[in-house]
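Trainee: Before we start, here is the structure in question, set down as structure tokens.
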Amino acid sequence: MTDTVLVTGGAGYIGSHTCKALSALGYLPVTLDSLVYGHTWAVQWGPLIIGDITDSLVLDQVFSQYQPKAVIHFAAFAYVGESVDHPAKYYQNNVVGSIAILDAMRRHGCRDIIFSSSCATYGIPRQIPIPENHPQIPINPYGRSKLMMEQIIQDYGSAYGFSYVILRYFNAAGADPGGQIGEDHDPEPHLIPILLQTVLGQRSHTDVYGTDYDTPDGTAIRDYIHVTDLAKAHVLALKYLDESCQSQCINLGTGRGYSIMEVIRAVQQVTGKSVTYRTVGRRPGDPPVLVAKPEYADSVLCWKPDFSDINATIATAWNWHQSQSRKKSP
């Protein structure tokens, strides 16, 4: 009998890549997605239920019909700036909605959850690279909503016997090497697709926020982790919970940082085209450097990223964005 996994937000960027990875290993991924940001075309490896995670009736229907052995919970709003302007939206969805999922799991006897968290829970880093025991002092409502849910999941673990793996991502990037799915946000918050849209003429330029950081070239440094490596980590976390039932909080990153200007040069090298950009002031709360200390993921999940070179990551994204551009051309 095929094991079923409920994937909330499975029509989104990381969720859809994880559904593909689950299917490849014989699981049936059942996607629950409101389609506020997700896409029906991204759901190719299992059924799609359109609904909101705050709707307990929908949740009960899904759990009763599919009886998932575990939940992989991606569904969240994730725009930092928007979270500052509209915190109620973030706490309602990311916290209240997530509690609704946990309570549905309780009602239906499902006790394993893999939670999509973020390096945003760390706030301004005190040490680089960032280990899992780094103080968590988020500086925006998005980061706080993720930290709240980490703490709530841990409380459910203690009180109700839940087992969990909390995965703190750094900067997701790239696209499915097979070309079936990729990154498509509106608005698009991430640097690499913005640069590629600029190269394709879909934007007039890319803004570079801040050139006066205490970094070698003055621009912010980030740890870019390929989306298929993230997907692989979720499948390994599922296997880990099935075998050990030991709960964990784990960073997912490469341990290698690239500055904004390094990424721009890499995009130019991969695409063979120049990038038009302009320098503007820093965004409030952007740390100079965010790089993961990734060794714990290897020791617990036997996970190492397959993509560690930024050019290879960008190449998969470039292939995806070119294919989408051709589809949209008259």
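Chain labels follow the order of the structure tokens: the first chain is A, the next B, and so on; residue numbering restarts at 1 in every chain, and ligands are counted from 1 in their shown order.
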Go through segment 13-60 of chain A and collect every residue that DSSP, computed from the backbone, puts in strand (DSSP E or B); the answer should be as a list in words.
Mentor: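 Selecting the strand (DSSP E or B) positions of segment 13-60 of chain A gives Leu28, Pro29, Val30, Thr31, Leu32, Asp33, Leu48, Ile49 and Ile50 of chain A.
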Trainee: Could you write out the selected residues, including N, CA and C atoms, as a PDB file, in the first residue's frame?
Mentor:
ATOM      1  N   LEU A  28       2.639   8.879  -2.178  1.00  0.00           N
ATOM      2  CA  LEU A  28       1.595   9.643  -2.849  1.00  0.00           C
ATOM      3  C   LEU A  28       1.477  10.996  -2.159  1.00  0.00           C
ATOM      4  N   PRO A  29       1.957  12.075  -2.796  1.00  0.00           N
ATOM      5  CA  PRO A  29       1.813  13.393  -2.193  1.00  0.00           C
ATOM      6  C   PRO A  29       0.415  13.962  -2.473  1.00  0.00           C
ATOM      7  N   VAL A  30      -0.293  14.306  -1.428  1.00  0.00           N
ATOM      8  CA  VAL A  30      -1.611  14.928  -1.547  1.00  0.00           C
ATOM      9  C   VAL A  30      -1.443  16.414  -1.224  1.00  0.00           C
ATOM     10  N   THR A  31      -1.704  17.253  -2.201  1.00  0.00           N
ATOM     11  CA  THR A  31      -1.490  18.689  -2.033  1.00  0.00           C
ATOM     12  C   THR A  31      -2.761  19.370  -1.538  1.00  0.00           C
ATOM     13  N   LEU A  32      -2.606  20.152  -0.472  1.00  0.00           N
ATOM     14  CA  LEU A  32      -3.653  21.069  -0.033  1.00  0.00           C
ATOM     15  C   LEU A  32      -3.113  22.468  -0.219  1.00  0.00           C
ATOM     16  N   ASP A  33      -3.796  23.261  -1.053  1.00  0.00           N
ATOM     17  CA  ASP A  33      -3.279  24.587  -1.386  1.00  0.00           C
ATOM     18  C   ASP A  33      -4.454  25.517  -1.687  1.00  0.00           C
ATOM     19  N   LEU A  48      -4.839  17.255  -5.988  1.00  0.00           N
ATOM     20  CA  LEU A  48      -4.863  18.617  -5.467  1.00  0.00           C
ATOM     21  C   LEU A  48      -6.208  18.884  -4.824  1.00  0.00           C
ATOM     22  N   ILE A  49      -6.170  19.310  -3.571  1.00  0.00           N
ATOM     23  CA  ILE A  49      -7.370  19.783  -2.882  1.00  0.00           C
ATOM     24  C   ILE A  49      -7.214  21.279  -2.707  1.00  0.00           C
ATOM     25  N   ILE A  50      -8.131  22.032  -3.271  1.00  0.00           N
ATOM     26  CA  ILE A  50      -8.079  23.487  -3.158  1.00  0.00           C
ATOM     27  C   ILE A  50      -8.829  23.891  -1.899  1.00  0.00           C
TER      28      ILE A  50
END
Trainee: When you look at segment 226-239 of chain A with a cut-off of 9 Å (counting only C-alpha atoms), what residues show up, excluding the ones that are within fewer than 2 positions of it in the same chain? I need them as number ranges by chain.
Mentor: A: 13-22, 25, 70, 72, 112-114, 164-165, 167, 169, 171-177, 182, 224, 241-244, 252-254, 297, 300-308, 310, 313
Trainee: I want to know what sits within 10 Å of Arg106 of chain A, based on only C-alpha atoms, with residues of the same chain fewer than 3 positions away left out; could you give that as a list in words?
Mentor: Ala100, Ile101, Leu102, Asp103, Gly109, Cys110, Arg111, Tyr156, Tyr160, Gly161 and Phe162 of chain A
Trainee: Please produce a file of the residues just selected, as a PDB file, in the first residue's frame, where the atoms kept are N, CA and C atoms.
Mentor:
ATOM      1  N   ALA A 100      -4.352  25.050  13.221  1.00  0.00           N
ATOM      2  CA  ALA A 100      -5.485  24.272  12.717  1.00  0.00           C
ATOM      3  C   ALA A 100      -5.016  22.948  12.137  1.00  0.00           C
ATOM      4  N   ILE A 101      -3.876  22.970  11.442  1.00  0.00           N
ATOM      5  CA  ILE A 101      -3.326  21.717  10.898  1.00  0.00           C
ATOM      6  C   ILE A 101      -2.912  20.777  12.026  1.00  0.00           C
ATOM      7  N   LEU A 102      -2.220  21.311  13.017  1.00  0.00           N
ATOM      8  CA  LEU A 102      -1.800  20.473  14.144  1.00  0.00           C
ATOM      9  C   LEU A 102      -3.004  19.857  14.845  1.00  0.00           C
ATOM     10  N   ASP A 103      -4.063  20.628  15.006  1.00  0.00           N
ATOM     11  CA  ASP A 103      -5.249  20.103  15.685  1.00  0.00           C
ATOM     12  C   ASP A 103      -5.966  19.054  14.835  1.00  0.00           C
ATOM     13  N   GLY A 109      -5.147  11.264  14.393  1.00  0.00           N
ATOM     14  CA  GLY A 109      -4.112  10.315  14.781  1.00  0.00           C
ATOM     15  C   GLY A 109      -2.847  10.368  13.949  1.00  0.00           C
ATOM     16  N   CYS A 110      -2.591  11.512  13.323  1.00  0.00           N
ATOM     17  CA  CYS A 110      -1.350  11.704  12.549  1.00  0.00           C
ATOM     18  C   CYS A 110      -0.379  12.471  13.428  1.00  0.00           C
ATOM     19  N   ARG A 111       0.814  11.942  13.643  1.00  0.00           N
ATOM     20  CA  ARG A 111       1.695  12.521  14.653  1.00  0.00           C
ATOM     21  C   ARG A 111       3.062  12.965  14.117  1.00  0.00           C
ATOM     22  N   TYR A 156       3.495  20.851  21.193  1.00  0.00           N
ATOM     23  CA  TYR A 156       2.627  19.741  20.795  1.00  0.00           C
ATOM     24  C   TYR A 156       3.392  18.424  20.877  1.00  0.00           C
ATOM     25  N   TYR A 160       1.508  16.026  23.222  1.00  0.00           N
ATOM     26  CA  TYR A 160       0.625  15.139  22.469  1.00  0.00           C
ATOM     27  C   TYR A 160       1.374  14.044  21.708  1.00  0.00           C
ATOM     28  N   GLY A 161       2.666  13.930  21.916  1.00  0.00           N
ATOM     29  CA  GLY A 161       3.408  12.847  21.292  1.00  0.00           C
ATOM     30  C   GLY A 161       3.733  13.057  19.828  1.00  0.00           C
ATOM     31  N   PHE A 162       3.730  14.297  19.380  1.00  0.00           N
ATOM     32  CA  PHE A 162       4.119  14.575  18.000  1.00  0.00           C
ATOM     33  C   PHE A 162       5.627  14.365  17.831  1.00  0.00           C
TER      34      PHE A 162
END
Trainee: Considering only C-alpha atoms, can you say which of A:Gly26, A:Ser163, A:Gly81, A:His86 comes closest to Gln246 of chain A?
Mentor: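 Looking at the shortest contact to Gln246 of chain A, the residue is A:Ser163.
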Trainee: In terms of the shortest atom-to-atom distance over only C-alpha atoms, which of A:Thr2, A:Gln127, A:Thr219, A:Thr40 is closest to Tyr66 of chain A?
Mentor: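 Of the candidates, the smallest distance to Tyr66 of chain A is held by A:Thr2.
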Trainee: Atom CA of Asp184 of chain A to atom CA of Thr121 of chain A: how many Å, to one decimal?
Mentor: 24.4 Å
Trainee: At a cut-off of 12 Å, using only C-alpha atoms, what residues contact Ile194 of chain A? Leave out same-chain residues fewer than 2 positions from it and give the result as a PDB file with N, CA and C atoms, in the first residue's frame.
Mentor:
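Dumped to part.pdb:
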ATOM      1  N   ALA A 173      16.781  28.461  -4.304  1.00  0.00           N
ATOM      2  CA  ALA A 173      17.110  28.943  -5.645  1.00  0.00           C
ATOM      3  C   ALA A 173      17.065  27.779  -6.629  1.00  0.00           C
ATOM      4  N   GLU A 183      10.392  28.226 -10.466  1.00  0.00           N
ATOM      5  CA  GLU A 183       9.979  29.314  -9.582  1.00  0.00           C
ATOM      6  C   GLU A 183       9.129  30.324 -10.341  1.00  0.00           C
ATOM      7  N   ASP A 184       7.934  30.626  -9.802  1.00  0.00           N
ATOM      8  CA  ASP A 184       7.024  31.564 -10.454  1.00  0.00           C
ATOM      9  C   ASP A 184       6.201  32.274  -9.380  1.00  0.00           C
ATOM     10  N   HIS A 185       6.767  33.353  -8.844  1.00  0.00           N
ATOM     11  CA  HIS A 185       6.081  34.135  -7.821  1.00  0.00           C
ATOM     12  C   HIS A 185       5.557  35.447  -8.418  1.00  0.00           C
ATOM     13  N   ASP A 186       4.477  35.950  -7.849  1.00  0.00           N
ATOM     14  CA  ASP A 186       3.953  37.254  -8.244  1.00  0.00           C
ATOM     15  C   ASP A 186       3.415  37.964  -6.997  1.00  0.00           C
ATOM     16  N   PRO A 187       4.123  38.961  -6.478  1.00  0.00           N
ATOM     17  CA  PRO A 187       5.378  39.502  -6.998  1.00  0.00           C
ATOM     18  C   PRO A 187       6.548  38.561  -6.713  1.00  0.00           C
ATOM     19  N   GLU A 188       7.621  38.743  -7.483  1.00  0.00           N
ATOM     20  CA  GLU A 188       8.804  37.906  -7.323  1.00  0.00           C
ATOM     21  C   GLU A 188       9.766  38.555  -6.320  1.00  0.00           C
ATOM     22  N   PRO A 189      10.046  37.885  -5.182  1.00  0.00           N
ATOM     23  CA  PRO A 189      10.907  38.492  -4.168  1.00  0.00           C
ATOM     24  C   PRO A 189      12.381  38.098  -4.277  1.00  0.00           C
ATOM     25  N   HIS A 190      12.709  37.095  -5.080  1.00  0.00           N
ATOM     26  CA  HIS A 190      14.034  36.492  -4.997  1.00  0.00           C
ATOM     27  C   HIS A 190      14.981  37.015  -6.068  1.00  0.00           C
ATOM     28  N   LEU A 191      16.247  37.143  -5.692  1.00  0.00           N
ATOM     29  CA  LEU A 191      17.236  37.800  -6.529  1.00  0.00           C
ATOM     30  C   LEU A 191      17.452  37.106  -7.867  1.00  0.00           C
ATOM     31  N   ILE A 192      17.692  35.806  -7.868  1.00  0.00           N
ATOM     32  CA  ILE A 192      18.070  35.129  -9.110  1.00  0.00           C
ATOM     33  C   ILE A 192      16.964  35.221 -10.157  1.00  0.00           C
ATOM     34  N   LEU A 196      17.140  37.103 -13.847  1.00  0.00           N
ATOM     35  CA  LEU A 196      16.838  36.418 -15.097  1.00  0.00           C
ATOM     36  C   LEU A 196      15.702  37.096 -15.847  1.00  0.00           C
ATOM     37  N   GLN A 197      14.725  37.611 -15.118  1.00  0.00           N
ATOM     38  CA  GLN A 197      13.652  38.371 -15.768  1.00  0.00           C
ATOM     39  C   GLN A 197      14.204  39.644 -16.397  1.00  0.00           C
ATOM     40  N   THR A 198      15.204  40.236 -15.747  1.00  0.00           N
ATOM     41  CA  THR A 198      15.853  41.421 -16.311  1.00  0.00           C
ATOM     42  C   THR A 198      16.581  41.066 -17.602  1.00  0.00           C
ATOM     43  N   VAL A 199      17.313  39.961 -17.580  1.00  0.00           N
ATOM     44  CA  VAL A 199      18.031  39.510 -18.774  1.00  0.00           C
ATOM     45  C   VAL A 199      17.060  39.242 -19.924  1.00  0.00           C
ATOM     46  N   LEU A 200      15.888  38.707 -19.604  1.00  0.00           N
ATOM     47  CA  LEU A 200      14.894  38.361 -20.626  1.00  0.00           C
ATOM     48  C   LEU A 200      14.073  39.565 -21.088  1.00  0.00           C
ATOM     49  N   GLY A 201      14.352  40.741 -20.523  1.00  0.00           N
ATOM     50  CA  GLY A 201      13.632  41.937 -20.919  1.00  0.00           C
ATOM     51  C   GLY A 201      12.273  42.101 -20.277  1.00  0.00           C
ATOM     52  N   GLN A 202      11.983  41.269 -19.245  1.00  0.00           N
ATOM     53  CA  GLN A 202      10.696  41.367 -18.557  1.00  0.00           C
ATOM     54  C   GLN A 202      10.712  42.427 -17.464  1.00  0.00           C
ATOM     55  N   ARG A 203      11.914  42.894 -17.120  1.00  0.00           N
ATOM     56  CA  ARG A 203      12.113  44.009 -16.194  1.00  0.00           C
ATOM     57  C   ARG A 203      13.138  44.951 -16.817  1.00  0.00           C
ATOM     58  N   SER A 204      13.031  46.226 -16.468  1.00  0.00           N
ATOM     59  CA  SER A 204      13.993  47.187 -17.015  1.00  0.00           C
ATOM     60  C   SER A 204      15.339  47.094 -16.320  1.00  0.00           C
ATOM     61  N   HIS A 205      15.334  46.653 -15.051  1.00  0.00           N
ATOM     62  CA  HIS A 205      16.574  46.593 -14.286  1.00  0.00           C
ATOM     63  C   HIS A 205      16.338  45.792 -13.007  1.00  0.00           C
ATOM     64  N   THR A 206      17.415  45.503 -12.308  1.00  0.00           N
ATOM     65  CA  THR A 206      17.370  44.881 -10.987  1.00  0.00           C
ATOM     66  C   THR A 206      17.926  45.873  -9.976  1.00  0.00           C
ATOM     67  N   ASP A 207      17.221  46.026  -8.862  1.00  0.00           N
ATOM     68  CA  ASP A 207      17.722  46.879  -7.786  1.00  0.00           C
ATOM     69  C   ASP A 207      18.680  46.090  -6.899  1.00  0.00           C
ATOM     70  N   VAL A 208      19.819  46.704  -6.590  1.00  0.00           N
ATOM     71  CA  VAL A 208      20.778  46.152  -5.631  1.00  0.00           C
ATOM     72  C   VAL A 208      20.664  46.977  -4.366  1.00  0.00           C
ATOM     73  N   ILE A 260      25.727  39.761  -3.644  1.00  0.00           N
ATOM     74  CA  ILE A 260      24.829  40.141  -4.730  1.00  0.00           C
ATOM     75  C   ILE A 260      25.617  40.336  -6.028  1.00  0.00           C
ATOM     76  N   VAL A 263      26.578  37.091  -7.590  1.00  0.00           N
ATOM     77  CA  VAL A 263      25.445  36.455  -8.264  1.00  0.00           C
ATOM     78  C   VAL A 263      25.185  37.132  -9.610  1.00  0.00           C
ATOM     79  N   ILE A 264      25.274  38.452  -9.645  1.00  0.00           N
ATOM     80  CA  ILE A 264      25.088  39.167 -10.916  1.00  0.00           C
ATOM     81  C   ILE A 264      26.115  38.700 -11.943  1.00  0.00           C
ATOM     82  N   VAL A 267      25.195  35.222 -13.161  1.00  0.00           N
ATOM     83  CA  VAL A 267      24.071  35.255 -14.106  1.00  0.00           C
ATOM     84  C   VAL A 267      24.561  35.698 -15.486  1.00  0.00           C
ATOM     85  N   VAL A 275      23.534  42.273 -17.344  1.00  0.00           N
ATOM     86  CA  VAL A 275      22.425  42.562 -16.438  1.00  0.00           C
ATOM     87  C   VAL A 275      22.410  44.068 -16.156  1.00  0.00           C
ATOM     88  N   THR A 276      21.275  44.687 -16.404  1.00  0.00           N
ATOM     89  CA  THR A 276      21.113  46.099 -16.058  1.00  0.00           C
ATOM     90  C   THR A 276      20.666  46.190 -14.602  1.00  0.00           C
ATOM     91  N   TYR A 277      21.445  46.870 -13.788  1.00  0.00           N
ATOM     92  CA  TYR A 277      21.073  47.001 -12.386  1.00  0.00           C
ATOM     93  C   TYR A 277      21.366  48.422 -11.924  1.00  0.00           C
ATOM     94  N   ILE A 314      22.107  28.492 -11.006  1.00  0.00           N
ATOM     95  CA  ILE A 314      21.530  29.495 -11.902  1.00  0.00           C
ATOM     96  C   ILE A 314      21.179  28.874 -13.249  1.00  0.00           C
ATOM     97  N   ALA A 317      17.759  27.402 -13.216  1.00  0.00           N
ATOM     98  CA  ALA A 317      16.748  28.463 -13.209  1.00  0.00           C
ATOM     99  C   ALA A 317      16.651  29.127 -14.584  1.00  0.00           C
ATOM    100  N   TRP A 318      17.784  29.332 -15.240  1.00  0.00           N
ATOM    101  CA  TRP A 318      17.812  29.954 -16.564  1.00  0.00           C
ATOM    102  C   TRP A 318      17.058  29.102 -17.578  1.00  0.00           C
ATOM    103  N   HIS A 321      13.289  29.585 -16.821  1.00  0.00           N
ATOM    104  CA  HIS A 321      12.763  30.897 -17.196  1.00  0.00           C
ATOM    105  C   HIS A 321      12.737  31.088 -18.709  1.00  0.00           C
TER     106      HIS A 321
END
Trainee: Extract the full set of helix (DSSP H, G or I) residues from segment 92-240 of chain A according to DSSP on the backbone, and format it as a VMD selection string.
Mentor: chain A and resid 92 to 108 119 to 122 141 to 160 191 to 199 227 to 240
Trainee: Could you save the residues just selected, with C-alpha atoms, as a JSON list (two decimals), in the first residue's frame?
Mentor:
[["chain", "number", "residue", "atom", "x", "y", "z"],
["A", 92, "GLN", "CA", -3.66, 34.53, 10.87],
["A", 93, "ASN", "CA", -2.27, 32.27, 8.15],
["A", 94, "ASN", "CA", 1.16, 31.26, 9.40],
["A", 95, "VAL", "CA", 0.21, 30.77, 13.05],
["A", 96, "VAL", "CA", -3.58, 30.27, 13.30],
["A", 97, "GLY", "CA", -3.65, 28.19, 10.13],
["A", 98, "SER", "CA", -0.73, 26.06, 11.26],
["A", 99, "ILE", "CA", -2.38, 25.40, 14.62],
["A", 100, "ALA", "CA", -5.49, 24.27, 12.72],
["A", 101, "ILE", "CA", -3.33, 21.72, 10.90],
["A", 102, "LEU", "CA", -1.80, 20.47, 14.14],
["A", 103, "ASP", "CA", -5.25, 20.10, 15.69],
["A", 104, "ALA", "CA", -6.52, 18.21, 12.63],
["A", 105, "MET", "CA", -3.52, 15.91, 12.98],
["A", 106, "ARG", "CA", -4.48, 15.31, 16.61],
["A", 107, "ARG", "CA", -8.08, 14.50, 15.70],
["A", 108, "HIS", "CA", -7.03, 12.00, 13.05],
["A", 119, "CYS", "CA", 16.75, 31.41, 8.81],
["A", 120, "ALA", "CA", 14.61, 34.53, 9.40],
["A", 121, "THR", "CA", 14.03, 33.13, 12.90],
["A", 122, "TYR", "CA", 17.66, 33.95, 13.76],
["A", 141, "PRO", "CA", 6.53, 39.46, 11.73],
["A", 142, "TYR", "CA", 7.33, 36.79, 9.12],
["A", 143, "GLY", "CA", 10.30, 35.55, 11.14],
["A", 144, "ARG", "CA", 8.32, 35.78, 14.37],
["A", 145, "SER", "CA", 5.45, 33.76, 12.88],
["A", 146, "LYS", "CA", 7.90, 30.99, 11.97],
["A", 147, "LEU", "CA", 9.52, 31.04, 15.40],
["A", 148, "MET", "CA", 6.11, 30.94, 17.10],
["A", 149, "MET", "CA", 5.23, 27.84, 15.11],
["A", 150, "GLU", "CA", 8.54, 26.17, 15.94],
["A", 151, "GLN", "CA", 7.76, 26.68, 19.63],
["A", 152, "ILE", "CA", 4.15, 25.55, 19.27],
["A", 153, "ILE", "CA", 5.17, 22.39, 17.39],
["A", 154, "GLN", "CA", 7.68, 21.63, 20.13],
["A", 155, "ASP", "CA", 4.92, 22.08, 22.74],
["A", 156, "TYR", "CA", 2.63, 19.74, 20.80],
["A", 157, "GLY", "CA", 5.48, 17.28, 20.68],
["A", 158, "SER", "CA", 5.86, 17.33, 24.45],
["A", 159, "ALA", "CA", 2.14, 17.24, 25.25],
["A", 160, "TYR", "CA", 0.63, 15.14, 22.47],
["A", 191, "LEU", "CA", 17.24, 37.80, -6.53],
["A", 192, "ILE", "CA", 18.07, 35.13, -9.11],
["A", 193, "PRO", "CA", 14.68, 35.07, -10.89],
["A", 194, "ILE", "CA", 14.59, 38.88, -10.80],
["A", 195, "LEU", "CA", 17.99, 38.97, -12.51],
["A", 196, "LEU", "CA", 16.84, 36.42, -15.10],
["A", 197, "GLN", "CA", 13.65, 38.37, -15.77],
["A", 198, "THR", "CA", 15.85, 41.42, -16.31],
["A", 199, "VAL", "CA", 18.03, 39.51, -18.77],
["A", 227, "VAL", "CA", 15.33, 23.76, -4.47],
["A", 228, "THR", "CA", 15.85, 20.08, -5.36],
["A", 229, "ASP", "CA", 18.32, 19.79, -2.49],
["A", 230, "LEU", "CA", 15.64, 21.23, -0.20],
["A", 231, "ALA", "CA", 13.15, 18.71, -1.57],
["A", 232, "LYS", "CA", 15.60, 15.86, -0.96],
["A", 233, "ALA", "CA", 16.02, 16.99, 2.65],
["A", 234, "HIS", "CA", 12.25, 16.76, 3.24],
["A", 235, "VAL", "CA", 12.13, 13.21, 1.95],
["A", 236, "LEU", "CA", 15.11, 12.28, 4.14],
["A", 237, "ALA", "CA", 13.40, 13.93, 7.11],
["A", 238, "LEU", "CA", 10.30, 11.84, 6.47],
["A", 239, "LYS", "CA", 12.40, 8.69, 6.42],
["A", 240, "TYR", "CA", 14.23, 9.83, 9.55]]
Trainee: With only C-alpha atoms as the basis for distance, which of A:Val62, A:Ile139, A:Ile225, A:Ala312 is at the shortest distance from Val270 of chain A?
Mentor: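 Of A:Val62, A:Ile139, A:Ile225, A:Ala312, the one nearest Val270 of chain A, counting only C-alpha atoms, is A:Ala312.
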Trainee: For the atom pair atom CA of Asp309 of chain A and atom CA of Asp223 of chain A, what is the interatomic distance in Å to one decimal place?
Mentor: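 Between atom CA of Asp309 of chain A and atom CA of Asp223 of chain A the gap is 10.9 Å.
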Trainee: Here is a test: counting only C-alpha atoms, which residue of A:Arg278, A:Arg265, A:Arg256, A:Lys327 is nearest to Gly210 of chain A?
Mentor: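 Counting only C-alpha atoms, the residue closest to Gly210 of chain A is A:Arg278.
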Trainee: Hey, which of A:Ser247, A:Gln268, A:Thr279, A:Gln44 ends up closest to Ala315 of chain A? Count only C-alpha atoms.
Mentor: A:Gln268
